[in-house]
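Visitor: What follows is the file target.cif, containing mmCIF, C-alpha atoms and all ligand atoms:
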data_protein
loop_
_atom_site.group_PDB
_atom_site.id
_atom_site.type_symbol
_atom_site.label_atom_id
_atom_site.label_comp_id
_atom_site.auth_asym_id
_atom_site.auth_seq_id
_atom_site.Cartn_x
_atom_site.Cartn_y
_atom_site.Cartn_z
ATOM 1 C CA MET A 1 21.137 -6.260 -5.490
ATOM 2 C CA LEU A 2 18.926 -6.191 -2.449
ATOM 3 C CA THR A 3 21.136 -6.065 0.595
ATOM 4 C CA THR A 4 20.106 -8.110 3.589
ATOM 5 C CA PRO A 5 18.358 -7.366 5.806
ATOM 6 C CA GLU A 6 16.663 -4.724 3.637
ATOM 7 C CA THR A 7 13.099 -3.843 4.445
ATOM 8 C CA LEU A 8 10.908 -2.306 1.769
ATOM 9 C CA LEU A 9 7.627 -0.532 2.419
ATOM 10 C CA LEU A 10 5.439 -0.207 -0.667
ATOM 11 C CA VAL A 11 3.013 2.715 -0.688
ATOM 12 C CA GLY A 12 0.603 3.993 -3.317
ATOM 13 C CA PHE A 13 -3.007 4.364 -4.294
ATOM 14 C CA MET A 14 -5.490 1.485 -4.221
ATOM 15 C CA GLY A 15 -4.905 -0.770 -7.205
ATOM 16 C CA ALA A 16 -1.289 0.318 -7.730
ATOM 17 C CA GLY A 17 -0.171 -3.306 -7.419
ATOM 18 C CA LYS A 18 1.531 -3.038 -4.016
ATOM 19 C CA THR A 19 0.567 -6.557 -2.969
ATOM 20 C CA THR A 20 1.353 -8.239 -6.294
ATOM 21 C CA VAL A 21 4.690 -6.469 -6.712
ATOM 22 C CA GLY A 22 5.606 -7.005 -3.059
ATOM 23 C CA GLN A 23 4.905 -10.729 -3.337
ATOM 24 C CA GLU A 24 6.983 -10.878 -6.506
ATOM 25 C CA ILE A 25 9.994 -9.189 -4.872
ATOM 26 C CA ALA A 26 9.672 -11.499 -1.873
ATOM 27 C CA ARG A 27 9.449 -14.552 -4.150
ATOM 28 C CA GLN A 28 12.513 -13.565 -6.160
ATOM 29 C CA HIS A 29 14.593 -12.825 -3.072
ATOM 30 C CA GLN A 30 13.249 -15.361 -0.583
ATOM 31 C CA ALA A 31 12.252 -12.451 1.635
ATOM 32 C CA ARG A 32 9.328 -12.378 4.028
ATOM 33 C CA PHE A 33 6.210 -10.568 2.854
ATOM 34 C CA ILE A 34 3.341 -9.024 4.750
ATOM 35 C CA ASP A 35 0.288 -7.197 3.508
ATOM 36 C CA ILE A 36 -1.115 -4.776 6.085
ATOM 37 C CA ASP A 37 -4.716 -5.222 4.868
ATOM 38 C CA SER A 38 -4.438 -9.013 5.238
ATOM 39 C CA GLU A 39 -2.921 -8.622 8.698
ATOM 40 C CA ILE A 40 -5.793 -6.318 9.725
ATOM 41 C CA GLU A 41 -8.298 -8.902 8.434
ATOM 42 C CA ARG A 42 -6.509 -11.671 10.309
ATOM 43 C CA ARG A 43 -6.507 -9.733 13.582
ATOM 44 C CA ALA A 44 -10.105 -8.523 13.236
ATOM 45 C CA GLY A 45 -11.465 -11.858 11.992
ATOM 46 C CA GLN A 46 -13.358 -9.848 9.357
ATOM 47 C CA THR A 47 -12.777 -8.786 5.771
ATOM 48 C CA ILE A 48 -12.014 -5.103 5.057
ATOM 49 C CA PRO A 49 -15.536 -4.465 3.672
ATOM 50 C CA GLU A 50 -16.989 -6.088 6.817
ATOM 51 C CA ILE A 51 -14.834 -3.903 9.075
ATOM 52 C CA PHE A 52 -15.944 -0.765 7.210
ATOM 53 C CA ALA A 53 -19.599 -1.876 7.353
ATOM 54 C CA THR A 54 -19.756 -2.983 10.989
ATOM 55 C CA GLN A 55 -17.106 -0.864 12.751
ATOM 56 C CA GLY A 56 -16.688 2.091 10.390
ATOM 57 C CA GLU A 57 -13.685 3.609 8.660
ATOM 58 C CA ALA A 58 -12.272 5.212 11.839
ATOM 59 C CA ALA A 59 -11.994 1.790 13.505
ATOM 60 C CA PHE A 60 -10.311 0.430 10.391
ATOM 61 C CA ARG A 61 -7.807 3.326 10.415
ATOM 62 C CA ALA A 62 -6.982 2.694 14.084
ATOM 63 C CA LEU A 63 -6.271 -0.970 13.318
ATOM 64 C CA GLU A 64 -4.150 0.078 10.340
ATOM 65 C CA THR A 65 -2.002 2.372 12.506
ATOM 66 C CA GLN A 66 -1.615 -0.379 15.092
ATOM 67 C CA VAL A 67 -0.394 -2.886 12.502
ATOM 68 C CA LEU A 68 1.959 -0.359 10.888
ATOM 69 C CA ASP A 69 3.406 0.457 14.282
ATOM 70 C CA ASP A 70 3.835 -3.224 15.154
ATOM 71 C CA LEU A 71 5.705 -3.802 11.892
ATOM 72 C CA GLN A 72 8.501 -1.380 12.740
ATOM 73 C CA THR A 73 10.777 -4.284 13.598
ATOM 74 C CA PHE A 74 9.708 -6.454 10.640
ATOM 75 C CA ASN A 75 12.353 -7.499 8.125
ATOM 76 C CA GLY A 76 11.048 -8.084 4.634
ATOM 77 C CA ILE A 77 8.617 -6.581 2.159
ATOM 78 C CA VAL A 78 5.537 -4.732 3.413
ATOM 79 C CA ALA A 79 2.538 -3.793 1.250
ATOM 80 C CA THR A 80 0.543 -0.982 2.869
ATOM 81 C CA GLY A 81 -3.081 -0.024 2.191
ATOM 82 C CA GLY A 82 -3.623 3.032 -0.006
ATOM 83 C CA GLY A 83 -5.075 5.116 2.821
ATOM 84 C CA VAL A 84 -2.202 4.569 5.233
ATOM 85 C CA ILE A 85 -0.816 7.909 4.129
ATOM 86 C CA GLU A 86 -3.716 9.993 5.416
ATOM 87 C CA ARG A 87 -2.996 9.904 9.146
ATOM 88 C CA PRO A 88 -0.131 12.167 10.244
ATOM 89 C CA GLU A 89 0.999 9.565 12.784
ATOM 90 C CA ASN A 90 1.333 6.990 9.999
ATOM 91 C CA ARG A 91 3.362 9.424 7.901
ATOM 92 C CA ALA A 92 5.611 10.020 10.896
ATOM 93 C CA ILE A 93 6.170 6.261 11.264
ATOM 94 C CA LEU A 94 6.922 5.918 7.540
ATOM 95 C CA LYS A 95 9.312 8.881 7.543
ATOM 96 C CA ALA A 96 11.165 7.706 10.629
ATOM 97 C CA SER A 97 11.405 4.119 9.440
ATOM 98 C CA PRO A 98 14.844 2.800 8.501
ATOM 99 C CA ALA A 99 13.060 0.828 5.769
ATOM 100 C CA THR A 100 13.175 2.059 2.182
ATOM 101 C CA VAL A 101 9.786 3.466 1.176
ATOM 102 C CA ILE A 102 8.820 2.924 -2.468
ATOM 103 C CA TYR A 103 5.912 4.818 -4.023
ATOM 104 C CA LEU A 104 4.216 2.840 -6.798
ATOM 105 C CA HIS A 105 2.824 5.643 -8.939
ATOM 106 C CA GLY A 106 0.232 4.861 -11.602
ATOM 107 C CA ASN A 107 -2.410 6.940 -13.328
ATOM 108 C CA LEU A 108 -6.045 7.410 -12.478
ATOM 109 C CA GLU A 109 -7.414 5.635 -15.544
ATOM 110 C CA SER A 110 -5.425 2.418 -15.164
ATOM 111 C CA THR A 111 -6.098 2.435 -11.433
ATOM 112 C CA ILE A 112 -9.857 2.739 -11.805
ATOM 113 C CA ASN A 113 -9.901 0.005 -14.461
ATOM 114 C CA ARG A 114 -7.977 -2.305 -12.206
ATOM 115 C CA LEU A 115 -10.164 -1.573 -9.200
ATOM 116 C CA LEU A 116 -13.352 -2.140 -11.160
ATOM 117 C CA SER A 117 -12.091 -5.558 -12.236
ATOM 118 C CA GLU A 118 -11.099 -6.475 -8.666
ATOM 119 C CA GLY A 119 -14.001 -5.065 -6.587
ATOM 120 C CA GLN A 120 -13.726 -5.349 -2.793
ATOM 121 C CA ARG A 121 -12.764 -1.706 -2.018
ATOM 122 C CA PRO A 122 -15.381 -0.027 0.179
ATOM 123 C CA LEU A 123 -14.147 3.447 -0.833
ATOM 124 C CA LEU A 124 -14.675 2.622 -4.509
ATOM 125 C CA GLN A 125 -18.323 1.868 -3.858
ATOM 126 C CA GLU A 126 -18.830 5.068 -1.873
ATOM 127 C CA LYS A 127 -17.188 7.575 -4.196
ATOM 128 C CA SER A 128 -17.941 9.111 -7.579
ATOM 129 C CA THR A 129 -15.134 9.358 -10.151
ATOM 130 C CA ALA A 130 -14.752 13.077 -9.299
ATOM 131 C CA GLU A 131 -14.374 12.293 -5.597
ATOM 132 C CA PHE A 132 -11.947 9.552 -6.448
ATOM 133 C CA PHE A 133 -9.878 12.025 -8.441
ATOM 134 C CA GLN A 134 -9.895 14.419 -5.473
ATOM 135 C CA LEU A 135 -8.654 11.629 -3.244
ATOM 136 C CA TRP A 136 -5.919 10.927 -5.759
ATOM 137 C CA GLN A 137 -4.862 14.579 -5.803
ATOM 138 C CA LEU A 138 -4.892 14.735 -2.023
ATOM 139 C CA ARG A 139 -2.815 11.616 -1.562
ATOM 140 C CA ASP A 140 -0.268 11.920 -4.358
ATOM 141 C CA PRO A 141 1.888 14.576 -2.602
ATOM 142 C CA LEU A 142 1.560 12.688 0.670
ATOM 143 C CA TYR A 143 2.999 9.519 -0.869
ATOM 144 C CA GLN A 144 5.751 11.639 -2.413
ATOM 145 C CA SER A 145 6.523 13.149 0.990
ATOM 146 C CA VAL A 146 7.375 9.779 2.576
ATOM 147 C CA ALA A 147 8.941 8.022 -0.428
ATOM 148 C CA ASP A 148 12.626 7.360 -0.852
ATOM 149 C CA PHE A 149 11.917 6.323 -4.459
ATOM 150 C CA THR A 150 8.980 6.696 -6.848
ATOM 151 C CA VAL A 151 8.455 4.005 -9.465
ATOM 152 C CA GLU A 152 6.117 4.487 -12.432
ATOM 153 C CA THR A 153 3.815 1.496 -12.869
ATOM 154 C CA VAL A 154 1.734 2.148 -15.997
ATOM 155 C CA GLY A 155 2.126 -0.576 -18.620
ATOM 156 C CA LYS A 156 4.602 -2.620 -16.583
ATOM 157 C CA THR A 157 4.224 -6.187 -15.362
ATOM 158 C CA PRO A 158 4.741 -7.069 -11.674
ATOM 159 C CA GLU A 159 7.927 -8.940 -12.686
ATOM 160 C CA ARG A 160 9.342 -5.873 -14.410
ATOM 161 C CA LEU A 161 8.412 -3.608 -11.487
ATOM 162 C CA ALA A 162 10.017 -6.025 -9.028
ATOM 163 C CA ALA A 163 13.196 -6.006 -11.113
ATOM 164 C CA GLU A 164 13.179 -2.180 -11.331
ATOM 165 C CA ILE A 165 12.814 -1.879 -7.581
ATOM 166 C CA ILE A 166 15.577 -4.373 -6.866
ATOM 167 C CA ALA A 167 17.846 -2.520 -9.293
ATOM 168 C CA LEU A 168 17.544 0.591 -7.118
ATOM 169 C CA PHE A 169 19.835 -1.012 -4.528
HETATM 170 C C1 LIG B 1 -7.921 1.873 1.198
HETATM 171 C C2 LIG B 1 -7.150 1.003 0.467
HETATM 172 C C3 LIG B 1 -7.261 -0.465 0.604
HETATM 173 C C4 LIG B 1 -7.751 -0.833 1.998
HETATM 174 C C5 LIG B 1 -9.025 -0.101 2.321
HETATM 175 C C6 LIG B 1 -8.853 1.419 2.263
HETATM 176 C C7 LIG B 1 -7.772 3.338 0.949
HETATM 177 O O1 LIG B 1 -5.989 -1.067 0.385
HETATM 178 O O2 LIG B 1 -6.769 -0.570 2.959
HETATM 179 O O3 LIG B 1 -10.018 -0.538 1.427
HETATM 180 O O4 LIG B 1 -8.205 4.150 1.781
HETATM 181 O O5 LIG B 1 -7.180 3.696 -0.086
HETATM 182 P P1 LIG B 1 -5.320 -1.224 -1.081
HETATM 183 O O6 LIG B 1 -4.527 0.009 -1.344
HETATM 184 O O7 LIG B 1 -4.457 -2.433 -0.946
HETATM 185 O O8 LIG B 1 -6.433 -1.397 -2.037
#
Please rewrite the model in this file as structure tokens.
Ligand code: S3P
Guide:
Amino acid sequence: MLTTPETLLLVGFMGAGKTTVGQEIARQHQARFIDIDSEIERRAGQTIPEIFATQGEAAFRALETQVLDDLQTFNGIVATGGGVIERPENRAILKASPATVIYLHGNLESTINRLLSEGQRPLLQEKSTAEFFQLWQLRDPLYQSVADFTVETVGKTPERLAAEIIALF
């Protein structure tokens, strides 16, 4: 069972289900939940696409690092954004964190299908499938490098994934 206070940081590519699974774990265990993208939007008073469009990706990444850094004392479940892994300083925070880092690992096909049904990702609009695949290949080892555990997501419901993650403890 989840020991208290146990903090979980969920990492993985866009569309891996970090937010849905994180909310499900929090619901089942009456834990606090925070989504870094939502926190960025709250602080900026803009949606993620608006931040990308008006301030640019670099400004978004700076906000993301700030929120990640501020969450170092947070107790509960944290869903990160897929790109959090790209900055070395973010990887250093994730590696040094006493929280357990879980990599939600899917496959490219199911991820793209999910993203297309959801919309709202500026990087999805900008990139071709080939570029998207390159991004996937770039990030996969980076997620692995910070993860305490990797959980396969393909074909599993959020409830099942939440149960699998809890069973790790
Ligand atoms: C991004 C992933 C998004 C969001 C932003 C950039 C990325 O979060 O932070 O659109 O670079 O992969 P999700 O992983 O929750 O989609």
Visitor: The PyMOL selection byres (((chain A and resi 97-109) around 8) and not hetatm) - which residues does that actually catch in the file I just gave you? List them as a ChimeraX atom specification.
Guide: /A:6-13,16-18,72,93-96,110-113,133,136,143-144,146-154
Visitor: Determine the axis-aligned bounding box of all atoms of range 111-125 of chain A present in the file, pad each side by 8 Å, and express its centre and edge lengths in Å to one decimal place as JSON.
Guide:
{"center_x": -12.2, "center_y": -1.5, "center_z": -7.1, "size_x": 28.2, "size_y": 25.9, "size_z": 30.6}
Visitor: Calculate how many Å separate CA of Ala167 in chain A from CA of Ser145 in chain A, rounding to one decimal.
Guide: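 Straight-line distance from CA of Ala167 in chain A to CA of Ser145 in chain A works out to 21.9 Å.
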Visitor: As an exercise, work out the distance from CA of Thr80 in chain A to CA of Arg43 in chain A in Å and give it to one decimal place.
Guide: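 A separation of 15.5 Å between them.
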Visitor: Quick one: of A:Val78, A:Leu123, A:Leu161, A:Val67, who's nearest to ligand LIG 1 (chain B), counting all atoms listed in the file?
Guide: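 Under the stated criterion, the closest residue is A:Leu123.
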Visitor: Grab me every residue within 9 Å of ligand LIG 1 (chain B), counting only C-alpha atoms and all ligand atoms, and send it over as a PyMOL selection string.
Guide: chain A and resi 11-19+35-37+40+48-49+52+57+60-61+64+79-86+115+120-124+135
Visitor: Can you measure CA of Ala53 in chain A to CA of Leu116 in chain A for me? One decimal in Å is fine.
Guide: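 The value is 19.5 Å.
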Visitor: Residue by residue, what does the PyMOL selection byres (((chain A and resi 25) around 9) and not hetatm) grab here? Present the result as an MDAnalysis selection string.
Guide: chainID A and resid 20:24 26:31 33 77 158:159 161:163 165:166
Visitor: So which one's closest to Ala92 in chain A, A:Ala130, A:Pro141, A:Leu68, A:Glu41? Using only C-alpha atoms, please.
Guide: A:Leu68
Visitor: Would you mind putting back N, CA and C atoms on range 70-88 of chain A, then writing it out as a short mmCIF file (atom, residue, chain, number, x, y, z; two decimals), keeping the file's coordinate frame?
Guide:
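Heads up, here's the output in part-v5.cif:
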data_model
loop_
_atom_site.label_atom_id
_atom_site.label_comp_id
_atom_site.auth_asym_id
_atom_site.auth_seq_id
_atom_site.Cartn_x
_atom_site.Cartn_y
_atom_site.Cartn_z
N ASP A 70 3.29 -1.92 14.74
CA ASP A 70 3.84 -3.22 15.15
C ASP A 70 4.87 -3.75 14.16
N LEU A 71 4.79 -3.28 12.92
CA LEU A 71 5.70 -3.80 11.89
C LEU A 71 7.05 -3.08 11.86
N GLN A 72 7.26 -2.17 12.80
CA GLN A 72 8.50 -1.38 12.74
C GLN A 72 9.76 -2.23 12.87
N THR A 73 9.60 -3.42 13.46
CA THR A 73 10.78 -4.28 13.60
C THR A 73 10.77 -5.42 12.57
N PHE A 74 9.83 -5.38 11.63
CA PHE A 74 9.71 -6.45 10.64
C PHE A 74 10.82 -6.34 9.59
N ASN A 75 11.37 -7.46 9.21
CA ASN A 75 12.35 -7.50 8.12
C ASN A 75 11.73 -8.18 6.93
N GLY A 76 11.62 -7.47 5.83
CA GLY A 76 11.05 -8.08 4.63
C GLY A 76 10.32 -7.02 3.83
N ILE A 77 9.34 -7.48 3.05
CA ILE A 77 8.62 -6.58 2.16
C ILE A 77 7.22 -6.34 2.74
N VAL A 78 6.84 -5.08 2.84
CA VAL A 78 5.54 -4.73 3.41
C VAL A 78 4.70 -4.00 2.36
N ALA A 79 3.49 -4.51 2.10
CA ALA A 79 2.54 -3.79 1.25
C ALA A 79 1.57 -3.07 2.17
N THR A 80 1.47 -1.75 2.04
CA THR A 80 0.54 -0.98 2.87
C THR A 80 -0.78 -0.82 2.13
N GLY A 81 -1.82 -0.38 2.84
CA GLY A 81 -3.08 -0.02 2.19
C GLY A 81 -2.98 1.41 1.68
N GLY A 82 -3.73 1.72 0.64
CA GLY A 82 -3.62 3.03 -0.01
C GLY A 82 -3.88 4.21 0.92
N GLY A 83 -4.71 4.00 1.95
CA GLY A 83 -5.08 5.12 2.82
C GLY A 83 -4.14 5.32 4.00
N VAL A 84 -3.11 4.50 4.09
CA VAL A 84 -2.20 4.57 5.23
C VAL A 84 -1.57 5.96 5.34
N ILE A 85 -1.52 6.63 4.22
CA ILE A 85 -0.82 7.91 4.13
C ILE A 85 -1.61 9.07 4.73
N GLU A 86 -2.88 8.86 5.01
CA GLU A 86 -3.72 9.99 5.42
C GLU A 86 -3.47 10.44 6.85
N ARG A 87 -3.19 9.50 7.75
CA ARG A 87 -3.00 9.90 9.15
C ARG A 87 -1.58 10.45 9.37
N PRO A 88 -1.47 11.62 9.99
CA PRO A 88 -0.13 12.17 10.24
C PRO A 88 0.76 11.22 11.04
#
